[in-house]
$ cat target.txt   # compact mmCIF, C-alpha atoms
# COMPACT_ATOMS: atom_id res chain seq x y z
CA GLY S 1448 25.31 -9.33 1.71
CA THR S 1449 22.27 -11.20 2.91
CA ARG S 1450 18.72 -10.18 2.29
CA ALA S 1451 16.84 -10.58 5.56
CA THR S 1452 13.36 -11.77 4.64
CA GLU S 1453 11.59 -13.92 7.20
CA GLY S 1454 9.58 -16.83 5.95
CA SER S 1455 11.15 -16.86 2.48
CA GLN S 1456 13.38 -19.32 0.71
CA GLY S 1457 16.31 -18.66 -1.57
CA TRP S 1458 16.51 -14.91 -0.98
CA GLY S 1459 18.11 -15.39 2.40
CA GLN S 1460 21.20 -16.80 0.70
CA PRO S 1461 24.29 -14.63 0.12
CA ARG S 1462 24.11 -12.68 -3.14
CA ALA S 1463 27.20 -14.47 -4.48
CA GLU S 1464 25.40 -17.81 -4.27
CA LEU S 1465 22.29 -16.34 -5.86
CA ALA S 1466 24.37 -15.09 -8.78
CA ASN S 1467 25.54 -18.65 -9.46
CA ARG S 1468 21.98 -19.99 -9.69
CA TYR S 1469 19.98 -17.13 -11.19
CA GLN S 1470 20.04 -14.55 -13.92
CA SER S 1471 18.35 -11.27 -13.13
CA THR S 1472 16.11 -9.16 -15.36
CA VAL S 1473 14.26 -5.92 -14.67
CA THR S 1474 10.66 -5.44 -15.80
CA GLY S 1475 9.00 -2.23 -16.92
CA ASP S 1476 7.95 -1.52 -13.34
CA PHE S 1477 11.59 -1.65 -12.22
CA CYS S 1478 10.94 -4.96 -10.52
CA GLU S 1479 13.77 -7.42 -10.27
CA LYS S 1480 12.90 -10.86 -11.62
CA LEU S 1481 15.11 -13.87 -10.95
CA ILE S 1482 15.20 -16.69 -13.49
CA PRO S 1483 17.00 -19.97 -12.69
CA LYS S 1484 19.97 -20.48 -15.02
CA ASN S 1485 19.25 -24.20 -15.04
CA PRO S 1486 15.61 -24.93 -16.01
CA ALA S 1487 15.88 -28.29 -14.23
CA ASP S 1488 16.72 -26.59 -10.92
CA THR S 1489 13.36 -27.14 -9.24
CA ASP S 1490 14.62 -25.90 -5.87
CA ALA S 1491 15.56 -22.60 -7.48
CA ARG S 1492 12.12 -22.21 -9.03
CA THR S 1493 10.51 -22.92 -5.68
CA ALA S 1494 12.74 -20.33 -4.02
CA VAL S 1495 11.77 -17.67 -6.55
CA ASN S 1496 8.06 -18.40 -6.24
CA SER S 1497 8.19 -17.99 -2.47
CA ALA S 1498 10.81 -15.25 -2.37
CA LEU S 1499 8.43 -12.57 -1.22
CA ASN S 1500 6.05 -13.11 1.66
CA PRO S 1501 4.48 -9.72 2.38
CA GLU S 1502 3.20 -10.92 5.74
CA SER S 1503 6.79 -11.38 6.91
CA TYR S 1504 7.24 -7.59 6.85
CA LYS S 1505 4.22 -6.87 9.01
CA ASP S 1506 4.59 -5.35 12.47
CA ARG S 1507 8.27 -4.57 12.03
CA ASP S 1508 7.93 -0.81 12.50
CA TYR S 1509 10.13 0.12 9.55
CA ARG S 1510 11.28 3.74 9.25
CA MET S 1511 12.05 5.74 6.12
CA LYS S 1512 15.78 5.73 5.38
CA SER S 1513 15.84 7.51 2.01
CA THR S 1514 13.67 8.23 -0.99
CA LEU S 1515 14.30 8.79 -4.68
CA LEU S 1516 11.84 10.52 -7.02
CA TRP S 1517 12.05 10.96 -10.78
CA ASP S 1518 9.85 11.69 -13.77
CA GLY S 1519 9.29 9.91 -17.08
CA GLU S 1520 11.15 7.02 -18.68
CA THR S 1521 14.51 8.81 -18.81
CA MET S 1522 15.02 8.23 -15.08
CA VAL S 1523 16.38 11.75 -14.63
CA THR S 1524 16.58 12.13 -10.87
CA MET S 1525 14.48 14.97 -9.51
CA LEU S 1526 15.24 14.31 -5.86
CA ASN S 1527 17.43 11.94 -3.85
CA LEU S 1528 16.87 12.50 -0.15
CA SER S 1529 18.25 10.72 2.92
CA PHE S 1530 16.65 10.99 6.34
CA ASP S 1531 18.17 11.22 9.79
CA ARG S 1532 17.19 8.73 12.48
CA GLY S 1533 15.88 11.57 14.62
CA THR S 1534 13.51 14.40 13.76
CA ASN S 1535 13.66 15.69 10.19
CA ILE S 1536 12.39 19.19 9.34
CA LEU S 1537 11.68 20.28 5.77
CA TYR S 1538 11.65 24.05 5.38
CA GLY S 1539 11.71 26.50 2.50
CA ASP S 1540 9.63 28.92 0.45
CA ASN S 1541 6.16 28.13 -0.76
CA ALA S 1542 5.69 25.96 -3.86
CA GLN S 1543 9.14 24.38 -3.57
CA GLY S 1544 7.94 20.79 -3.18
CA LYS S 1545 7.96 20.18 0.57
CA THR S 1546 4.48 18.70 0.53
CA ASN S 1547 5.41 16.58 -2.50
CA ILE S 1548 8.04 14.81 -0.41
CA LEU S 1549 5.53 14.07 2.33
CA GLU S 1550 3.01 12.91 -0.26
CA ALA S 1551 5.60 10.52 -1.72
CA ILE S 1552 6.24 9.02 1.73
CA TYR S 1553 2.51 8.64 2.33
CA LEU S 1554 2.12 6.95 -1.06
CA CYS S 1555 4.83 4.44 -0.20
CA ALA S 1556 3.03 3.58 3.03
CA THR S 1557 -0.58 3.52 1.85
CA THR S 1558 -0.48 3.48 -2.01
CA LYS S 1559 -2.70 6.60 -1.96
CA SER S 1560 -2.29 10.36 -1.87
CA HIS S 1561 -3.31 12.11 1.34
CA LYS S 1562 -5.25 14.54 -0.88
CA GLY S 1563 -7.28 11.74 -2.41
CA ALA S 1564 -5.81 12.61 -5.79
CA LYS S 1565 -5.74 10.12 -8.66
CA ASP S 1566 -2.44 8.91 -10.09
CA LYS S 1567 -2.83 11.01 -13.22
CA ASP S 1568 -3.08 14.13 -11.05
CA ILE S 1569 0.14 13.29 -9.21
CA VAL S 1570 2.28 12.77 -12.31
CA ASN S 1571 4.02 15.83 -13.76
CA PHE S 1572 1.83 17.61 -16.31
CA ASN S 1573 4.46 17.17 -19.05
CA GLU S 1574 5.15 13.49 -18.32
CA GLU S 1575 3.22 10.26 -18.67
CA GLU S 1576 4.63 8.55 -15.59
CA ALA S 1577 6.54 9.08 -12.36
CA HIS S 1578 8.54 6.88 -10.02
CA ILE S 1579 9.13 6.75 -6.30
CA ARG S 1580 11.73 4.51 -4.68
CA ALA S 1581 11.94 4.34 -0.92
CA TYR S 1582 14.36 2.48 1.31
CA LEU S 1583 13.08 1.45 4.72
CA GLU S 1584 15.13 0.09 7.56
CA LYS S 1585 14.87 -1.46 10.98
CA LYS S 1586 18.16 -2.26 12.67
CA GLU S 1587 20.09 -4.32 10.10
CA ASP S 1588 17.04 -5.13 8.00
CA GLU S 1589 16.40 -3.03 4.89
CA ILE S 1590 13.73 -3.27 2.21
CA ARG S 1591 12.98 -1.29 -0.94
CA ILE S 1592 9.60 -0.08 -2.15
CA ASP S 1593 9.10 0.95 -5.78
CA MET S 1594 6.04 2.89 -6.88
CA HIS S 1595 5.40 3.34 -10.62
CA LEU S 1596 2.65 5.90 -11.27
CA ARG S 1597 1.09 6.20 -14.72
CA LYS S 1598 -1.58 8.51 -16.09
CA ASN S 1599 -3.46 5.94 -18.13
CA LYS S 1600 -2.71 2.68 -16.29
CA SER S 1601 -2.93 1.32 -12.78
CA LYS S 1602 0.11 1.88 -10.61
CA GLY S 1603 2.84 -0.72 -10.31
CA ILE S 1604 4.13 -1.55 -6.82
CA ALA S 1605 7.12 -3.71 -5.89
CA ILE S 1606 8.70 -4.76 -2.62
CA ASP S 1607 12.40 -5.59 -2.87
CA GLY S 1608 12.07 -5.84 -6.64
CA THR S 1609 9.15 -8.27 -6.60
CA ARG S 1610 5.87 -6.92 -7.90
CA ILE S 1611 2.88 -7.30 -5.62
CA LYS S 1612 -0.56 -8.06 -7.00
CA LYS S 1613 -2.61 -6.29 -4.36
CA ALA S 1614 -1.98 -2.87 -2.91
CA ALA S 1615 -3.17 -4.22 0.45
CA GLU S 1616 0.05 -6.24 0.70
CA LEU S 1617 1.94 -2.99 1.25
CA LEU S 1618 -0.14 -1.75 4.17
CA GLY S 1619 1.44 -2.18 7.59
CA ILE S 1620 5.08 -2.32 6.48
CA MET S 1621 5.61 1.36 7.32
CA ASN S 1622 2.97 3.08 9.40
CA VAL S 1623 2.49 6.84 9.00
CA VAL S 1624 0.50 9.55 10.73
CA PHE S 1625 -0.10 12.46 8.37
CA PHE S 1626 -1.28 15.92 9.44
CA SER S 1627 -2.39 18.35 6.73
CA PRO S 1628 -4.93 21.14 6.15
CA GLU S 1629 -7.06 18.53 4.38
CA ASP S 1630 -7.69 16.93 7.79
CA LEU S 1631 -10.28 19.62 8.47
CA SER S 1632 -12.56 17.72 6.10
CA ILE S 1633 -12.84 15.02 8.79
CA ILE S 1634 -14.85 17.50 10.84
CA LYS S 1635 -16.39 19.67 8.13
CA ASN S 1636 -17.61 16.94 5.80
CA GLY S 1637 -20.07 14.12 6.37
CA PRO S 1638 -19.64 10.75 8.12
CA ALA S 1639 -18.14 9.13 5.01
CA GLU S 1640 -15.01 11.25 5.53
CA ARG S 1641 -14.71 10.11 9.13
CA ARG S 1642 -15.18 6.47 8.16
CA HIS S 1643 -12.45 6.88 5.57
CA PHE S 1644 -10.10 8.30 8.23
CA VAL S 1645 -10.76 5.38 10.57
CA ASP S 1646 -10.38 2.88 7.72
CA MET S 1647 -6.98 4.25 6.68
CA GLU S 1648 -5.66 4.03 10.24
CA LEU S 1649 -7.02 0.56 10.96
CA CYS S 1650 -5.89 -0.88 7.62
CA GLN S 1651 -2.32 -0.04 8.58
CA LEU S 1652 -2.63 -1.52 12.05
CA ASP S 1653 -4.95 -4.50 11.72
CA ALA S 1654 -4.65 -7.05 8.89
CA GLY S 1655 -7.90 -8.68 10.02
CA TYR S 1656 -9.77 -5.41 9.63
CA LEU S 1657 -8.33 -4.92 6.15
CA TYR S 1658 -9.51 -8.41 5.19
CA ASN S 1659 -13.02 -7.85 6.53
CA LEU S 1660 -13.33 -4.39 4.97
CA ASN S 1661 -12.21 -5.59 1.53
CA HIS S 1662 -14.71 -8.45 1.60
CA TYR S 1663 -17.50 -6.20 2.85
CA ASN S 1664 -16.94 -3.67 0.05
CA ARG S 1665 -16.78 -6.43 -2.55
CA ILE S 1666 -20.02 -7.98 -1.30
CA VAL S 1667 -21.80 -4.60 -1.29
CA ASN S 1668 -20.80 -4.03 -4.92
CA GLN S 1669 -21.96 -7.50 -5.96
CA ARG S 1670 -25.22 -7.10 -4.05
CA ASN S 1671 -25.88 -3.76 -5.74
CA ARG S 1672 -25.35 -5.33 -9.15
CA LEU S 1673 -27.77 -8.09 -8.20
CA LEU S 1674 -30.43 -5.54 -7.23
CA LYS S 1675 -30.17 -4.02 -10.72
CA ASP S 1676 -30.40 -7.47 -12.31
CA ILE S 1677 -33.49 -8.31 -10.23
CA TYR S 1678 -35.29 -5.43 -11.89
CA GLN S 1679 -34.87 -7.21 -15.23
CA ASN S 1680 -35.13 -10.76 -13.86
CA PRO S 1681 -37.28 -10.99 -10.66
CA SER S 1682 -36.45 -14.70 -10.22
CA LEU S 1683 -32.98 -13.68 -8.99
CA ARG S 1684 -34.52 -12.30 -5.81
CA ASP S 1685 -34.13 -15.73 -4.18
CA THR S 1686 -30.34 -15.31 -4.22
CA LEU S 1687 -30.41 -11.94 -2.45
CA SER S 1688 -30.43 -13.50 1.02
CA VAL S 1689 -27.03 -15.09 0.35
CA TRP S 1690 -25.45 -11.67 -0.12
CA ASP S 1691 -27.43 -10.23 2.80
CA ASP S 1692 -26.01 -12.85 5.17
CA GLN S 1693 -22.42 -12.26 4.03
CA MET S 1694 -22.80 -8.49 4.15
CA ALA S 1695 -24.12 -8.72 7.71
CA ALA S 1696 -21.31 -11.06 8.78
CA PHE S 1697 -18.43 -8.94 7.49
CA GLY S 1698 -20.17 -5.64 8.20
CA SER S 1699 -20.71 -6.48 11.87
CA GLN S 1700 -16.99 -7.22 12.30
CA VAL S 1701 -16.07 -3.95 10.60
CA ILE S 1702 -18.43 -1.98 12.84
CA GLU S 1703 -17.25 -3.72 15.99
CA ARG S 1704 -13.60 -2.91 15.23
CA ARG S 1705 -14.45 0.71 14.43
CA ILE S 1706 -16.21 1.04 17.78
CA THR S 1707 -13.21 -0.39 19.61
CA PHE S 1708 -10.88 1.95 17.75
CA THR S 1709 -13.08 4.96 18.58
CA GLU S 1710 -13.09 4.01 22.26
CA GLN S 1711 -9.30 3.75 22.22
CA LEU S 1712 -9.06 7.19 20.60
CA ASN S 1713 -11.43 8.65 23.20
CA ASP S 1714 -9.21 7.37 26.01
CA ILE S 1715 -6.30 9.31 24.53
CA ILE S 1716 -8.26 12.41 23.48
CA GLY S 1717 -9.97 12.68 26.86
CA GLU S 1718 -6.65 13.44 28.56
CA ILE S 1719 -5.87 16.19 26.03
CA HIS S 1720 -9.22 17.95 25.56

$ encode --input "target.txt" --output "structure tokens"
Amino acid sequence: GTRATEGSQGWGQPRAELANRYQSTVTGDFCEKLIPKNPADTDARTAVNSALNPESYKDRDYRMKSTLLWDGETMVTMLNLSFDRGTNILYGDNAQGKTNILEAIYLCATTKSHKGAKDKDIVNFNEEEAHIRAYLEKKEDEIRIDMHLRKNKSKGIAIDGTRIKKAAELLGIMNVVFFSPEDLSIIKNGPAERRHFVDMELCQLDAGYLYNLNHYNRIVNQRNRLLKDIYQNPSLRDTLSVWDDQMAAFGSQVIERRITFTEQLNDIIGEIH
């Protein structure tokens, strides 16, 4: 078959042709890695290096086709579930794992748990790691997302067998709206909870907002470190204005987009309440 990946080279070729030019290996994160059989094949190396362009998946409105969950290194399947194109209803007794399925889907879309739990809290108590594999589709296009959760290491994420370096590259491929009892914290808790809610929605919808927010948070952290260093070395105060200017530039764009998003929500909510 043909792997439909816009903006990429090499991977759009039929698998039979790929097999003639590459040998495939699988890394510890269950990521497929293609190695040219002929080291002198520069075109093949170029194709591999540009095989995955996360931006090419954006705004495609992928839906969940199926998901596979298992624990530990033995790859013993705990659940293999396929979804219908219409409405899917999960029902059963309490403590049977219904919410776990929804949490796995949310993880594949956002890299985070809807409960705000850390990876070590998601993994089975008796295991050191867990795996989620999800297949997404849109018309004839299908992609695979692998999530490797570990208690003592950062998670591994791969799209179509190619590991991604930043979790942000996953956002926007599959958009989700998640309702849970934890949503009450948006109202009960302070403004930080509401900002987090807005951030999670906008990061899925707006790549520009994600870029600005990441830079703003990074600048705030660096500025805070500088303030601590100034206490020991007052001469560093002259560099503070550099961080102030950047924080104001990115922060203003973040605030402006949040205001626009809130106004859009109010237009919808006003007709309901």

$ residues_around --input "target.txt" --residues "S:Leu1660" --least-positions-apart "3" --cutoff "12 Å" --atoms "all atoms listed in the file" --output "CSV table (one decimal) with C-alpha atoms, in the coordinates of the input"
chain,number,residue,atom,x,y,z
S,1615,ALA,CA,-3.2,-4.2,0.4
S,1642,ARG,CA,-15.2,6.5,8.2
S,1643,HIS,CA,-12.4,6.9,5.6
S,1645,VAL,CA,-10.8,5.4,10.6
S,1646,ASP,CA,-10.4,2.9,7.7
S,1647,MET,CA,-7.0,4.2,6.7
S,1649,LEU,CA,-7.0,0.6,11.0
S,1650,CYS,CA,-5.9,-0.9,7.6
S,1653,ASP,CA,-5.0,-4.5,11.7
S,1654,ALA,CA,-4.6,-7.0,8.9
S,1655,GLY,CA,-7.9,-8.7,10.0
S,1656,TYR,CA,-9.8,-5.4,9.6
S,1657,LEU,CA,-8.3,-4.9,6.2
S,1663,TYR,CA,-17.5,-6.2,2.8
S,1664,ASN,CA,-16.9,-3.7,0.0
S,1665,ARG,CA,-16.8,-6.4,-2.6
S,1666,ILE,CA,-20.0,-8.0,-1.3
S,1667,VAL,CA,-21.8,-4.6,-1.3
S,1694,MET,CA,-22.8,-8.5,4.2
S,1695,ALA,CA,-24.1,-8.7,7.7
S,1696,ALA,CA,-21.3,-11.1,8.8
S,1697,PHE,CA,-18.4,-8.9,7.5
S,1698,GLY,CA,-20.2,-5.6,8.2
S,1699,SER,CA,-20.7,-6.5,11.9
S,1700,GLN,CA,-17.0,-7.2,12.3
S,1701,VAL,CA,-16.1,-4.0,10.6
S,1702,ILE,CA,-18.4,-2.0,12.8
S,1703,GLU,CA,-17.2,-3.7,16.0
S,1704,ARG,CA,-13.6,-2.9,15.2
S,1705,ARG,CA,-14.4,0.7,14.4

$ atom_distance --input "target.txt" --atom1 "atom CA of S:Ala1542" --atom2 "atom CA of S:Phe1530"
21.2 Å

$ residues_around --input "target.txt" --residues "S:Thr1558" --least-positions-apart "4" --cutoff "10 Å" --atoms "only C-alpha atoms" --output "list in words"
Ala1551, Ile1552, Tyr1553, Leu1554, Asp1566, Met1594, Lys1602, Gly1603, Ile1604, Ala1614, Ala1615, Leu1617 and Leu1618 of chain S

$ axis_aligned_box --input "target.txt" --around "stretch 1589-1599 of chain S" --padding-each-side "3 Å" --output "JSON"
{"center_x": 6.5, "center_y": 2.6, "center_z": -6.6, "size_x": 25.9, "size_y": 17.8, "size_z": 29.0}

$ closest_residue --input "target.txt" --among "S:Gly1717, S:Pro1628, S:Pro1681, S:Gly1637" --to "S:Thr1546" --atoms "only C-alpha atoms"
S:Pro1628

$ atom_distance --input "target.txt" --atom1 "atom CA of S:Leu1516" --atom2 "atom CA of S:Leu1528"
8.7 Å

$ atom_distance --input "target.txt" --atom1 "atom CA of S:Tyr1582" --atom2 "atom CA of S:Met1621"
10.7 Å

$ closest_residue --input "target.txt" --among "S:Asp1540, S:Ile1716, S:Ile1579, S:Ala1556" --to "S:Asn1527" --atoms "only C-alpha atoms"
S:Ile1579

$ closest_residue --input "target.txt" --among "S:Thr1514, S:Ser1627, S:Asn1599, S:Asn1713" --to "S:Ile1548" --atoms "only C-alpha atoms"
S:Thr1514

$ residues_around --input "target.txt" --residues "S:Gln1669" --least-positions-apart "5" --cutoff "12 Å" --atoms "all atoms listed in the file" --output "list of chain:residue names"
S:His1662, S:Tyr1663, S:Asn1664, S:Leu1674, S:Lys1675, S:Asp1676, S:Thr1686, S:Leu1687, S:Val1689, S:Trp1690, S:Asp1691, S:Gln1693, S:Met1694
